[in-house]
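Visitor: mmCIF, C-alpha atoms, saved as entry.cif, coming up:
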data_target
#
loop_
_atom_site.label_atom_id
_atom_site.label_comp_id
_atom_site.auth_asym_id
_atom_site.auth_seq_id
_atom_site.Cartn_x
_atom_site.Cartn_y
_atom_site.Cartn_z
CA VAL A 1 12.81 2.77 38.58
CA PHE A 2 10.51 5.16 40.32
CA SER A 3 12.98 6.40 42.90
CA PRO A 4 14.07 9.55 41.06
CA LEU A 5 10.43 10.58 40.89
CA ALA A 6 9.76 9.80 44.54
CA ALA A 7 11.44 12.89 45.93
CA PRO A 8 11.58 15.64 43.33
CA ARG A 9 13.89 18.49 44.15
CA GLN A 10 11.71 21.16 42.77
CA ALA A 11 8.05 20.60 42.02
CA PRO A 12 7.53 21.10 38.30
CA SER A 13 4.56 23.10 37.03
CA LYS A 14 1.50 21.08 36.00
CA GLU A 15 1.91 22.18 32.42
CA ALA A 16 5.57 21.20 32.31
CA LEU A 17 4.81 17.80 33.78
CA ARG A 18 1.97 17.31 31.32
CA GLN A 19 4.25 18.10 28.42
CA LEU A 20 6.95 15.84 29.82
CA CYS A 21 4.54 12.91 30.04
CA ARG A 22 3.42 13.43 26.46
CA GLU A 23 6.94 13.70 25.12
CA CYS A 24 8.10 10.69 27.11
CA PHE A 25 5.29 8.57 25.73
CA SER A 26 6.04 9.50 22.13
CA SER A 27 9.84 9.47 22.25
CA GLN A 28 12.43 6.77 21.92
CA PRO A 29 14.58 5.71 24.92
CA GLY A 30 17.70 7.50 23.70
CA ASP A 31 16.09 10.96 23.74
CA LEU A 32 14.44 10.78 27.17
CA GLY A 33 17.27 12.17 29.34
CA PRO A 34 17.83 15.44 27.47
CA LEU A 35 14.06 15.79 27.10
CA THR A 36 13.50 15.56 30.86
CA LEU A 37 16.27 18.02 31.61
CA ARG A 38 14.87 20.46 29.12
CA LEU A 39 11.20 20.33 30.13
CA CYS A 40 11.48 19.86 33.90
CA PRO A 41 14.91 21.08 34.92
CA GLY A 42 14.28 20.91 38.66
CA LEU A 43 13.07 17.36 38.65
CA ALA A 44 16.34 15.50 38.22
CA ALA A 45 19.80 16.11 39.64
CA GLY A 46 21.70 15.50 36.46
CA PRO A 47 21.71 13.74 33.08
CA GLU A 48 21.84 10.23 34.53
CA GLU A 49 18.91 10.75 36.84
CA ALA A 50 17.02 12.55 34.07
CA GLU A 51 17.51 9.54 31.83
CA LYS A 52 16.13 7.19 34.50
CA LEU A 53 13.21 9.49 35.16
CA GLY A 54 12.35 9.87 31.50
CA ALA A 55 12.58 6.13 31.04
CA ALA A 56 10.29 5.57 34.01
CA LEU A 57 7.67 7.90 32.57
CA HIS A 58 8.01 6.29 29.14
CA SER A 59 7.48 2.82 30.61
CA LEU A 60 4.63 3.93 32.82
CA THR A 61 2.67 5.66 30.07
CA ARG A 62 3.29 2.89 27.56
CA HIS A 63 2.27 0.24 30.08
CA VAL A 64 -1.02 2.01 30.80
CA VAL A 65 -1.82 2.18 27.09
CA TYR A 66 -0.77 -1.43 26.54
CA ARG A 67 -3.00 -2.74 29.32
CA GLY A 68 -5.82 -0.44 28.28
CA PHE A 69 -6.43 0.97 31.76
CA THR A 70 -9.17 3.53 32.00
CA ARG A 71 -9.67 3.87 35.75
CA ALA A 72 -7.62 5.93 38.17
CA GLU A 73 -7.39 3.01 40.64
CA ASP A 74 -5.60 0.85 38.08
CA ILE A 75 -3.02 3.53 37.41
CA LEU A 76 -2.53 4.48 41.06
CA ALA A 77 -1.87 0.85 41.85
CA LEU A 78 1.21 0.96 39.60
CA PHE A 79 3.09 3.37 41.86
CA PRO A 80 5.21 2.10 44.78
CA GLU A 81 3.89 2.57 48.31
CA ASN A 82 6.00 5.45 49.53
CA PHE A 83 5.62 7.48 46.37
CA HIS A 84 5.09 11.21 46.73
CA GLN A 85 1.32 11.48 47.11
CA ASN A 86 0.62 14.72 45.24
CA LEU A 87 2.89 13.83 42.37
CA LYS A 88 1.24 10.42 42.10
CA ASN A 89 -2.22 11.96 41.86
CA LEU A 90 -1.09 14.59 39.40
CA LEU A 91 0.59 12.04 37.15
CA THR A 92 -2.48 9.79 37.26
CA LYS A 93 -4.68 12.71 36.29
CA ILE A 94 -2.40 13.65 33.40
CA ILE A 95 -2.25 10.08 32.18
CA LEU A 96 -6.03 9.69 32.26
CA GLU A 97 -6.40 12.88 30.23
CA ASN A 98 -4.08 11.61 27.54
CA ILE A 99 -4.95 7.90 27.32
CA SER A 100 -7.34 8.21 24.42
CA ALA A 101 -4.95 10.31 22.32
CA TRP A 102 -2.06 7.97 23.14
CA ARG A 103 -4.09 4.92 22.19
CA ASN A 104 -4.82 6.51 18.80
CA GLU A 105 -1.16 7.30 18.38
CA ALA A 106 -0.24 3.69 19.17
CA GLN A 107 -2.81 2.45 16.65
CA ALA A 108 -1.58 4.83 14.00
CA SER A 109 2.04 3.79 14.40
CA GLN A 110 1.57 0.04 14.63
CA ILE A 111 2.97 -2.11 11.86
CA SER A 112 0.69 -2.35 8.89
CA LEU A 113 0.56 -2.40 5.16
CA PRO A 114 1.11 1.03 3.60
CA ARG A 115 -1.81 3.31 4.36
CA LEU A 116 -4.04 5.34 2.12
CA VAL A 117 -3.46 8.97 3.02
CA ASP A 118 -5.37 10.86 0.37
CA MET A 119 -7.23 10.38 -2.86
CA ASP A 120 -8.05 12.75 -5.71
CA TRP A 121 -9.96 12.09 -8.86
CA ARG A 122 -11.07 13.67 -12.07
CA VAL A 123 -13.40 12.66 -14.87
CA ASP A 124 -12.18 13.37 -18.40
CA ILE A 125 -13.65 12.93 -21.81
CA LYS A 126 -11.14 11.90 -24.42
CA THR A 127 -12.18 13.77 -27.53
CA SER A 128 -9.43 12.80 -29.92
CA SER A 129 -6.02 11.24 -30.18
CA ASP A 130 -3.33 10.99 -32.82
CA SER A 131 -4.78 7.78 -34.19
CA ILE A 132 -8.51 8.44 -33.97
CA SER A 133 -9.91 11.85 -34.70
CA LYS A 134 -13.28 11.84 -33.02
CA ILE A 135 -14.17 9.88 -29.94
CA ALA A 136 -16.01 10.65 -26.76
CA VAL A 137 -14.82 8.27 -24.12
CA PRO A 138 -15.38 9.29 -20.52
CA THR A 139 -12.63 8.09 -18.25
CA CYS A 140 -11.75 8.56 -14.68
CA LEU A 141 -8.32 9.50 -13.44
CA LEU A 142 -7.62 8.56 -9.86
CA GLN A 143 -4.62 9.46 -7.77
CA LEU A 144 -4.01 7.69 -4.48
CA GLN A 145 -1.46 8.96 -1.98
CA ILE A 146 -0.08 5.98 -0.14
CA GLN A 147 2.21 6.24 2.86
CA GLU A 148 4.67 3.46 3.42
CA ASP A 149 4.71 1.64 6.76
CA VAL A 150 5.23 4.23 9.51
CA ALA A 151 7.20 1.80 11.61
CA LEU A 152 9.77 1.53 8.84
CA CYS A 153 9.97 5.21 7.97
CA GLY A 154 10.11 6.67 11.48
CA ASN A 155 10.07 10.42 11.35
CA SER A 156 10.29 10.88 7.61
CA PRO A 157 7.28 9.17 6.08
CA VAL A 158 7.54 8.13 2.46
CA VAL A 159 4.44 8.89 0.44
CA SER A 160 4.08 7.55 -3.07
CA ALA A 161 1.42 8.50 -5.55
CA LEU A 162 -0.40 5.88 -7.59
CA THR A 163 -2.18 7.25 -10.63
CA VAL A 164 -4.71 4.96 -12.23
CA GLU A 165 -7.10 5.31 -15.11
CA LEU A 166 -10.52 3.68 -14.92
CA SER A 167 -13.08 3.20 -17.63
CA LYS A 168 -16.78 2.91 -16.90
CA GLU A 169 -16.45 -0.89 -16.91
CA THR A 170 -13.48 -1.05 -14.57
CA LEU A 171 -15.08 1.51 -12.28
CA ASP A 172 -18.17 -0.71 -12.07
CA THR A 173 -15.97 -3.68 -11.22
CA MET A 174 -14.38 -1.62 -8.46
CA LEU A 175 -17.76 -0.51 -7.12
CA GLU A 176 -18.98 -4.09 -7.06
CA GLY A 177 -15.97 -5.13 -4.98
CA LEU A 178 -16.36 -2.19 -2.62
CA GLY A 179 -20.06 -2.96 -2.23
CA ARG A 180 -19.18 -6.47 -1.14
CA ILE A 181 -16.79 -5.10 1.48
CA ARG A 182 -19.55 -2.83 2.74
CA ASP A 183 -21.94 -5.76 2.97
CA GLN A 184 -19.37 -7.75 4.92
CA LEU A 185 -18.84 -4.85 7.29
CA SER A 186 -22.57 -4.64 8.00
CA ALA A 187 -22.76 -8.40 8.51
CA VAL A 188 -19.90 -8.29 11.01
CA ALA A 189 -21.29 -5.25 12.79
CA ASN A 190 -24.63 -6.97 13.28
CA LYS A 191 -23.16 -10.06 14.93
CA ALA B 192 19.47 -13.34 -24.23
CA ASP B 193 21.03 -15.80 -21.84
CA LYS B 194 18.12 -15.18 -19.48
CA ILE B 195 15.71 -16.11 -22.26
CA SER B 196 17.32 -19.51 -22.55
CA LEU B 197 16.44 -20.13 -18.91
CA ILE B 198 12.74 -20.03 -19.64
CA PRO B 199 11.31 -23.40 -20.62
CA GLN B 200 9.57 -23.52 -23.99
CA ASP B 201 6.00 -23.80 -22.75
CA PHE B 202 6.39 -20.84 -20.37
CA PHE B 203 7.97 -18.79 -23.13
CA ALA B 204 5.08 -19.69 -25.41
CA GLU B 205 2.64 -18.59 -22.71
CA LEU B 206 4.48 -15.29 -22.34
CA CYS B 207 4.33 -14.65 -26.07
CA GLU B 208 0.64 -15.56 -26.08
CA GLN B 209 -0.07 -13.04 -23.33
CA ILE B 210 1.90 -10.38 -25.17
CA ILE B 211 -0.10 -10.96 -28.36
CA GLN B 212 -3.38 -10.92 -26.43
CA HIS B 213 -2.39 -7.67 -24.76
CA LEU B 214 -1.51 -6.12 -28.11
CA ASN B 215 -4.92 -7.21 -29.31
CA HIS B 216 -6.57 -5.60 -26.30
CA LYS B 217 -8.00 -8.93 -25.25
CA ILE B 218 -6.34 -8.67 -21.85
CA PRO B 219 -5.47 -5.46 -20.00
CA GLY B 220 -1.95 -6.49 -19.05
CA ILE B 221 0.76 -9.10 -18.94
CA ASN B 222 1.01 -10.66 -15.53
CA THR B 223 4.77 -11.15 -15.36
CA ALA B 224 4.82 -11.44 -11.57
CA GLU B 225 2.42 -14.38 -11.60
CA LEU B 226 4.19 -16.08 -14.49
CA CYS B 227 7.52 -15.56 -12.77
CA GLN B 228 6.24 -17.23 -9.63
CA ARG B 229 5.10 -20.28 -11.58
CA ILE B 230 8.42 -20.52 -13.41
CA GLN B 231 10.24 -20.30 -10.08
CA THR B 232 8.03 -23.01 -8.60
CA SER B 233 9.12 -25.32 -11.39
CA GLY B 234 12.69 -24.84 -10.20
CA ILE B 235 14.01 -22.22 -12.59
CA GLU B 236 15.85 -19.27 -11.07
CA ILE B 237 14.66 -16.15 -12.77
CA ASN B 238 13.61 -12.91 -11.15
CA ALA B 239 10.55 -10.81 -11.94
CA GLY B 240 12.66 -7.89 -13.15
CA ASP B 241 14.39 -9.96 -15.81
CA LEU B 242 11.11 -11.51 -16.93
CA ALA B 243 9.57 -8.03 -17.18
CA LYS B 244 12.48 -6.86 -19.36
CA ILE B 245 12.09 -9.87 -21.63
CA ALA B 246 8.34 -9.23 -21.88
CA ASN B 247 9.04 -5.62 -22.83
CA ILE B 248 11.52 -6.61 -25.51
CA PHE B 249 9.14 -9.03 -27.20
CA SER B 250 6.18 -6.69 -26.79
CA PHE B 251 8.14 -4.05 -28.64
CA LEU B 252 9.27 -6.56 -31.26
CA PHE B 253 5.77 -7.84 -31.97
CA SER B 254 4.12 -4.43 -32.01
CA THR B 255 6.75 -3.01 -34.37
CA ALA B 256 6.37 -6.05 -36.61
CA ALA B 257 2.57 -5.63 -36.59
CA ARG B 258 2.80 -1.95 -37.48
CA ASN B 259 5.07 -2.75 -40.41
CA ASN B 260 3.06 -5.77 -41.50
CA LEU B 261 6.04 -8.07 -41.36
CA SER B 262 5.84 -11.66 -42.43
CA THR B 263 7.37 -14.32 -40.24
CA GLU B 264 10.59 -14.39 -42.23
CA GLU B 265 10.88 -10.61 -42.16
CA LEU B 266 10.37 -10.72 -38.41
CA VAL B 267 13.20 -13.21 -38.02
CA ILE B 268 15.44 -10.99 -40.15
CA THR B 269 14.58 -8.04 -37.89
CA LEU B 270 15.95 -9.98 -35.01
CA GLY B 271 19.25 -9.75 -36.85
CA ASN B 272 22.26 -10.82 -34.89
CA ALA B 273 20.15 -11.67 -31.91
CA VAL B 274 18.93 -14.74 -33.77
CA SER B 275 22.15 -16.55 -33.13
CA THR B 276 22.02 -15.83 -29.41
CA LEU B 277 18.42 -16.92 -28.99
CA PRO B 278 17.86 -20.53 -28.04
CA LYS B 279 16.32 -22.69 -30.78
CA HIS B 280 13.13 -23.35 -28.84
CA ALA B 281 12.53 -19.61 -28.37
CA LEU B 282 12.92 -18.99 -32.09
CA GLN B 283 10.53 -21.83 -32.75
CA VAL B 284 7.94 -20.26 -30.46
CA ILE B 285 8.35 -16.82 -32.06
CA ARG B 286 7.88 -18.30 -35.55
CA HIS B 287 4.85 -20.31 -34.49
CA VAL B 288 3.15 -17.47 -32.60
CA TRP B 289 3.72 -15.05 -35.44
CA ASN B 290 2.52 -17.50 -38.07
CA GLU B 291 -0.67 -18.15 -36.16
CA GLN B 292 -1.50 -14.68 -34.89
CA GLY B 293 0.80 -12.10 -36.40
CA LYS B 294 -1.72 -10.95 -38.95
CA SER B 295 -4.53 -10.62 -36.46
CA ILE B 296 -2.87 -7.92 -34.39
CA SER B 297 -4.90 -4.81 -35.00
CA VAL B 298 -2.51 -1.98 -35.70
CA SER B 299 -4.82 0.88 -34.81
CA GLU B 300 -4.59 1.35 -31.11
CA ASP B 301 -7.72 2.69 -29.56
CA ALA B 302 -7.99 5.63 -27.21
CA ARG B 303 -7.30 3.59 -24.12
CA ASN B 304 -3.72 2.96 -25.11
CA ARG B 305 -2.95 6.64 -25.23
CA ALA B 306 -2.95 6.89 -21.48
CA SER B 307 0.36 7.65 -19.88
CA VAL B 308 -0.97 6.39 -16.59
CA GLY B 309 -1.69 2.89 -15.43
CA GLN B 310 -4.87 1.07 -16.30
CA PHE B 311 -6.84 -0.42 -13.47
CA VAL B 312 -7.00 -4.18 -13.83
CA ASP B 313 -8.34 -5.72 -10.66
CA MET B 314 -8.95 -5.20 -6.98
CA LYS B 315 -8.57 -7.83 -4.27
CA TRP B 316 -9.62 -7.12 -0.70
CA LYS B 317 -9.63 -8.37 2.84
CA LEU B 318 -11.46 -7.24 5.94
CA GLY B 319 -9.49 -7.78 9.13
CA VAL B 320 -9.35 -6.90 12.79
CA ALA B 321 -6.00 -6.20 14.44
CA MET B 322 -6.54 -7.87 17.80
CA SER B 323 -3.39 -7.00 19.67
CA SER B 324 -0.03 -5.34 19.13
CA ASP B 325 3.15 -4.57 21.03
CA THR B 326 1.67 -1.18 21.95
CA CYS B 327 -1.89 -2.20 22.81
CA ARG B 328 -2.76 -5.55 24.28
CA SER B 329 -6.42 -5.24 23.37
CA LEU B 330 -6.49 -3.37 20.10
CA ARG B 331 -9.58 -4.62 18.24
CA PHE B 332 -8.97 -2.33 15.31
CA PRO B 333 -10.94 -3.22 12.17
CA TYR B 334 -9.38 -2.37 8.81
CA VAL B 335 -9.78 -3.01 5.11
CA ALA B 336 -6.72 -4.15 3.15
CA VAL B 337 -6.83 -3.73 -0.62
CA THR B 338 -4.53 -4.83 -3.46
CA LEU B 339 -4.92 -2.93 -6.72
CA SER B 340 -3.53 -4.50 -9.88
CA VAL B 341 -2.48 -1.82 -12.35
CA ALA B 342 -1.17 -2.33 -15.90
CA ASP B 343 1.38 0.23 -17.07
CA PRO B 344 1.37 1.33 -20.75
CA SER B 345 3.76 -1.46 -21.73
CA GLY B 346 1.39 -4.01 -20.24
CA GLN B 347 3.26 -4.93 -17.07
CA VAL B 348 0.89 -5.57 -14.22
CA THR B 349 2.04 -4.48 -10.79
CA ASP B 350 0.23 -4.81 -7.50
CA LYS B 351 -0.05 -2.08 -4.91
CA SER B 352 -1.36 -2.94 -1.47
CA PHE B 353 -2.56 -0.66 1.26
CA GLU B 354 -4.77 -0.48 4.32
CA MET B 355 -7.66 1.73 5.29
CA SER B 356 -9.47 2.28 8.56
CA ILE B 357 -13.24 1.81 8.41
CA PRO B 358 -14.04 5.55 8.22
CA GLN B 359 -11.44 5.87 5.46
CA PHE B 360 -13.03 2.96 3.60
CA LYS B 361 -16.47 4.55 3.82
CA ASN B 362 -15.08 7.75 2.35
CA PHE B 363 -13.27 5.72 -0.32
CA PHE B 364 -16.51 4.00 -1.31
CA ARG B 365 -18.41 7.28 -1.35
CA GLN B 366 -15.85 8.87 -3.67
CA PHE B 367 -16.15 5.98 -6.11
CA LYS B 368 -19.92 6.26 -6.13
CA GLU B 369 -19.54 9.94 -6.91
CA MET B 370 -17.13 9.14 -9.73
CA ALA B 371 -19.60 6.66 -11.18
CA ALA B 372 -22.40 9.21 -10.92
CA VAL B 373 -20.33 11.78 -12.77
CA LEU B 374 -19.34 9.26 -15.44
CA GLU B 375 -23.01 8.55 -16.03
CA THR B 376 -23.94 12.16 -16.62
CA VAL B 377 -20.95 13.06 -18.76
#
Starting from the coordinates I provided, produce the structure as structure tokens.
Guide:
Amino acid sequence: VFSPLAAPRQAPSKEALRQLCRECFSSQPGDLGPLTLRLCPGLAAGPEEAEKLGAALHSLTRHVVYRGFTRAEDILALFPENFHQNLKNLLTKIILENISAWRNEAQASQISLPRLVDMDWRVDIKTSSDSISKIAVPTCLLQLQIQEDVALCGNSPVVSALTVELSKETLDTMLEGLGRIRDQLSAVANK
Amino acid sequence: ADKISLIPQDFFAELCEQIIQHLNHKIPGINTAELCQRIQTSGIEINAGDLAKIANIFSFLFSTAARNNLSTEELVITLGNAVSTLPKHALQVIRHVWNEQGKSISVSEDARNRASVGQFVDMKWKLGVAMSSDTCRSLRFPYVAVTLSVADPSGQVTDKSFEMSIPQFKNFFRQFKEMAAVLETV
């Protein structure tokens, strides 16, 4: 799988290689060939080789993130013996630079319940309505922006808005529940 | 109407009870999803959507009857042709419920019912740690999962679930404390 990388025809620029690694990590197998050809044209002989190369980089970067490697030795050990020395070191350096960002990306795109993306709120006082002429009821209007599971939506995330009204009583109930979560978090953190 | 005949008498009575209690503002919403689950467990095949529609129909029927101060007989007449399609046990329940509680339904709806948005009913939560995933063998990612129960203006309660990271949760909590503080001063 590494053979196309072992003897590159034309050494790509550091920046191009960096970008290629990033794109290969984030992209799906089908897109890797054209991506490689576009970003590092000298690296592969043609579309087939580009596809293999892209796939190799995709696997390599994903494997490093999966195993949680943080040391250069662990990454260097993944390359075959006769691999081009400079390229190996350069790739390892690039990977180390990007591990933390890639790990966050992996966490963000893992399967989960829908995620809270944003929240807005407003406090109103209802002063009158068609059935009662004079009242002064403070209420809270809350709007939550919730994004459906990223793994299901792929590149076009679906965000739905949930608008909820809370009275003082229901807000207190909510606060009580949230307080209990906070207490649990502290208890777990202290273990 | 044929769906109504699927519902056993005691479940139908419970549904009508909940509707009346909701109209009386004793409960914030009608939990059709939960009722549907129990009906399904007893072996009846009915889906939540149909049950919700039935709840809506009777909610409308009872509230209209309350507003017009209808007696039980007048209510039955309002049902009109539908009476013949309704199963006997359902009609029995409607008569009984209306006889017992029809007059008690307060017609004046208070300010809360004017909302065109959902009313918050309940929040359930869970604190979890995602240990591992197909992308990261050692993930150890703590999160808070929350389910909000919201009642829409017709009384249907729906649940919405979502996740938050810990920093997001802390911000979430802080916002609610701010809301409470503002509500106090207003």
Visitor: I want to know what sits within 9 Å of segment 313-326 of chain B, based on all atoms listed in the file, with residues of the same chain fewer than 5 positions away left out; could you give that as a list in words?
Guide: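 Listed by chain and then number, they are Arg62, His63, Val65, Tyr66, Arg67, Arg103, Ala106, Gln107, Gln110, Ile111, Thr170, Thr173, Met174, Gly177, Leu178, Ile181, Gln184 and Leu185 of chain A; Arg331, Phe332, Pro333, Tyr334, Val335, Ala336, Val337, Thr338, Leu339, Ser340 and Val341 of chain B.
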Visitor: Quote the spacing between atom CA of Cys327 of chain B and atom CA of Gly30 of chain A in Å to one decimal place.
Guide: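 Computing it gives 21.9 Å between the two atoms.
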Visitor: Enumerate, as a VMD selection string, the residues matched when the PyMOL selection byres ((chain B) within 7 of (chain A)) is run on the file above.
Guide: chain B and resid 299 302 308 to 311 314 326 to 329 352 to 355 364 367 371 374 377
Visitor: With the file shown as input, list the residues that the PyMOL selection byres ((chain A and resi 93) around 12) selects, as a PyMOL selection string.
Guide: chain A and resi 14+17-18+21+61+70-73+75-76+86-92+94-99
Visitor: Tell me which protein, DNA and RNA residues are within 8 Å of Asn260 of chain B, counting all atoms listed in the file, leaving out same-chain ones fewer than 3 positions away, and put them as a PyMOL selection string.
Guide: chain B and resi 256-257+294
Visitor: Write out as a tab-separated table the residues of segment 243-272 of chain B that have any atom within 12 Å of an atom of segment 221-238 of chain B, one row each with the nearest atom pair and its distance in Å to one decimal, counting all atoms listed in the file, sorted by chain and then rising number.
Guide:
residue	atom	partner	partner_atom	distance
B:Ala243	CA	B:Thr223	CA	6.0
B:Lys244	CA	B:Thr223	CA	9.7
B:Ile245	CA	B:Thr223	CA	9.7
B:Ala246	CA	B:Thr223	CA	7.7
B:Asn247	CA	B:Ile221	CA	9.8
B:Phe249	CA	B:Ile221	CA	11.8
B:Ser250	CA	B:Ile221	CA	9.8
Visitor: Please provide as JSON, numbers by chain all residues within 12 Å of Thr36 of chain A, with the sequence filter that same-chain residues fewer than 2 positions apart are discarded (counting all atoms listed in the file).
Guide: {"A": [4, 5, 12, 16, 17, 18, 19, 20, 21, 22, 23, 24, 25, 27, 29, 30, 31, 32, 33, 34, 38, 39, 40, 41, 42, 43, 44, 45, 46, 47, 48, 49, 50, 51, 52, 53, 54, 55, 56, 57, 58]}
Visitor: Extract segment 11-22 of chain A from the coordinates I pasted, and write it as a PDB file, in the first residue's frame (atoms kept: N, CA, C and O atoms).
Guide:
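Result file follows (decode14.pdb):
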ATOM      1  N   ALA A  11       9.268  15.513  -5.976  1.00  0.00           N
ATOM      2  CA  ALA A  11       9.005  15.823  -4.574  1.00  0.00           C
ATOM      3  C   ALA A  11       8.008  16.964  -4.471  1.00  0.00           C
ATOM      4  O   ALA A  11       8.215  18.042  -5.028  1.00  0.00           O
ATOM      5  N   PRO A  12       6.897  16.722  -3.766  1.00  0.00           N
ATOM      6  CA  PRO A  12       5.901  17.782  -3.625  1.00  0.00           C
ATOM      7  C   PRO A  12       6.384  18.817  -2.608  1.00  0.00           C
ATOM      8  O   PRO A  12       7.234  18.527  -1.781  1.00  0.00           O
ATOM      9  N   SER A  13       5.830  20.008  -2.669  1.00  0.00           N
ATOM     10  CA  SER A  13       6.206  21.035  -1.694  1.00  0.00           C
ATOM     11  C   SER A  13       5.637  20.620  -0.338  1.00  0.00           C
ATOM     12  O   SER A  13       4.671  19.872  -0.262  1.00  0.00           O
ATOM     13  N   LYS A  14       6.243  21.137   0.723  1.00  0.00           N
ATOM     14  CA  LYS A  14       5.779  20.788   2.075  1.00  0.00           C
ATOM     15  C   LYS A  14       4.320  21.169   2.252  1.00  0.00           C
ATOM     16  O   LYS A  14       3.526  20.425   2.821  1.00  0.00           O
ATOM     17  N   GLU A  15       4.001  22.355   1.744  1.00  0.00           N
ATOM     18  CA  GLU A  15       2.638  22.869   1.916  1.00  0.00           C
ATOM     19  C   GLU A  15       1.627  21.991   1.203  1.00  0.00           C
ATOM     20  O   GLU A  15       0.563  21.673   1.730  1.00  0.00           O
ATOM     21  N   ALA A  16       2.003  21.572  -0.026  1.00  0.00           N
ATOM     22  CA  ALA A  16       1.100  20.731  -0.808  1.00  0.00           C
ATOM     23  C   ALA A  16       0.883  19.398  -0.108  1.00  0.00           C
ATOM     24  O   ALA A  16      -0.237  18.892  -0.035  1.00  0.00           O
ATOM     25  N   LEU A  17       1.965  18.852   0.427  1.00  0.00           N
ATOM     26  CA  LEU A  17       1.868  17.562   1.112  1.00  0.00           C
ATOM     27  C   LEU A  17       1.015  17.693   2.370  1.00  0.00           C
ATOM     28  O   LEU A  17       0.200  16.826   2.686  1.00  0.00           O
ATOM     29  N   ARG A  18       1.204  18.801   3.061  1.00  0.00           N
ATOM     30  CA  ARG A  18       0.437  19.056   4.276  1.00  0.00           C
ATOM     31  C   ARG A  18      -1.049  19.083   3.952  1.00  0.00           C
ATOM     32  O   ARG A  18      -1.882  18.461   4.602  1.00  0.00           O
ATOM     33  N   GLN A  19      -1.374  19.824   2.892  1.00  0.00           N
ATOM     34  CA  GLN A  19      -2.767  19.943   2.501  1.00  0.00           C
ATOM     35  C   GLN A  19      -3.324  18.588   2.077  1.00  0.00           C
ATOM     36  O   GLN A  19      -4.458  18.237   2.406  1.00  0.00           O
ATOM     37  N   LEU A  20      -2.490  17.824   1.358  1.00  0.00           N
ATOM     38  CA  LEU A  20      -2.926  16.510   0.901  1.00  0.00           C
ATOM     39  C   LEU A  20      -3.260  15.617   2.083  1.00  0.00           C
ATOM     40  O   LEU A  20      -4.293  14.935   2.096  1.00  0.00           O
ATOM     41  N   CYS A  21      -2.385  15.628   3.094  1.00  0.00           N
ATOM     42  CA  CYS A  21      -2.636  14.795   4.278  1.00  0.00           C
ATOM     43  C   CYS A  21      -3.962  15.172   4.920  1.00  0.00           C
ATOM     44  O   CYS A  21      -4.764  14.318   5.275  1.00  0.00           O
ATOM     45  N   ARG A  22      -4.179  16.480   5.062  1.00  0.00           N
ATOM     46  CA  ARG A  22      -5.411  16.939   5.705  1.00  0.00           C
ATOM     47  C   ARG A  22      -6.639  16.502   4.927  1.00  0.00           C
ATOM     48  O   ARG A  22      -7.604  16.003   5.482  1.00  0.00           O
TER      49      ARG A  22
END
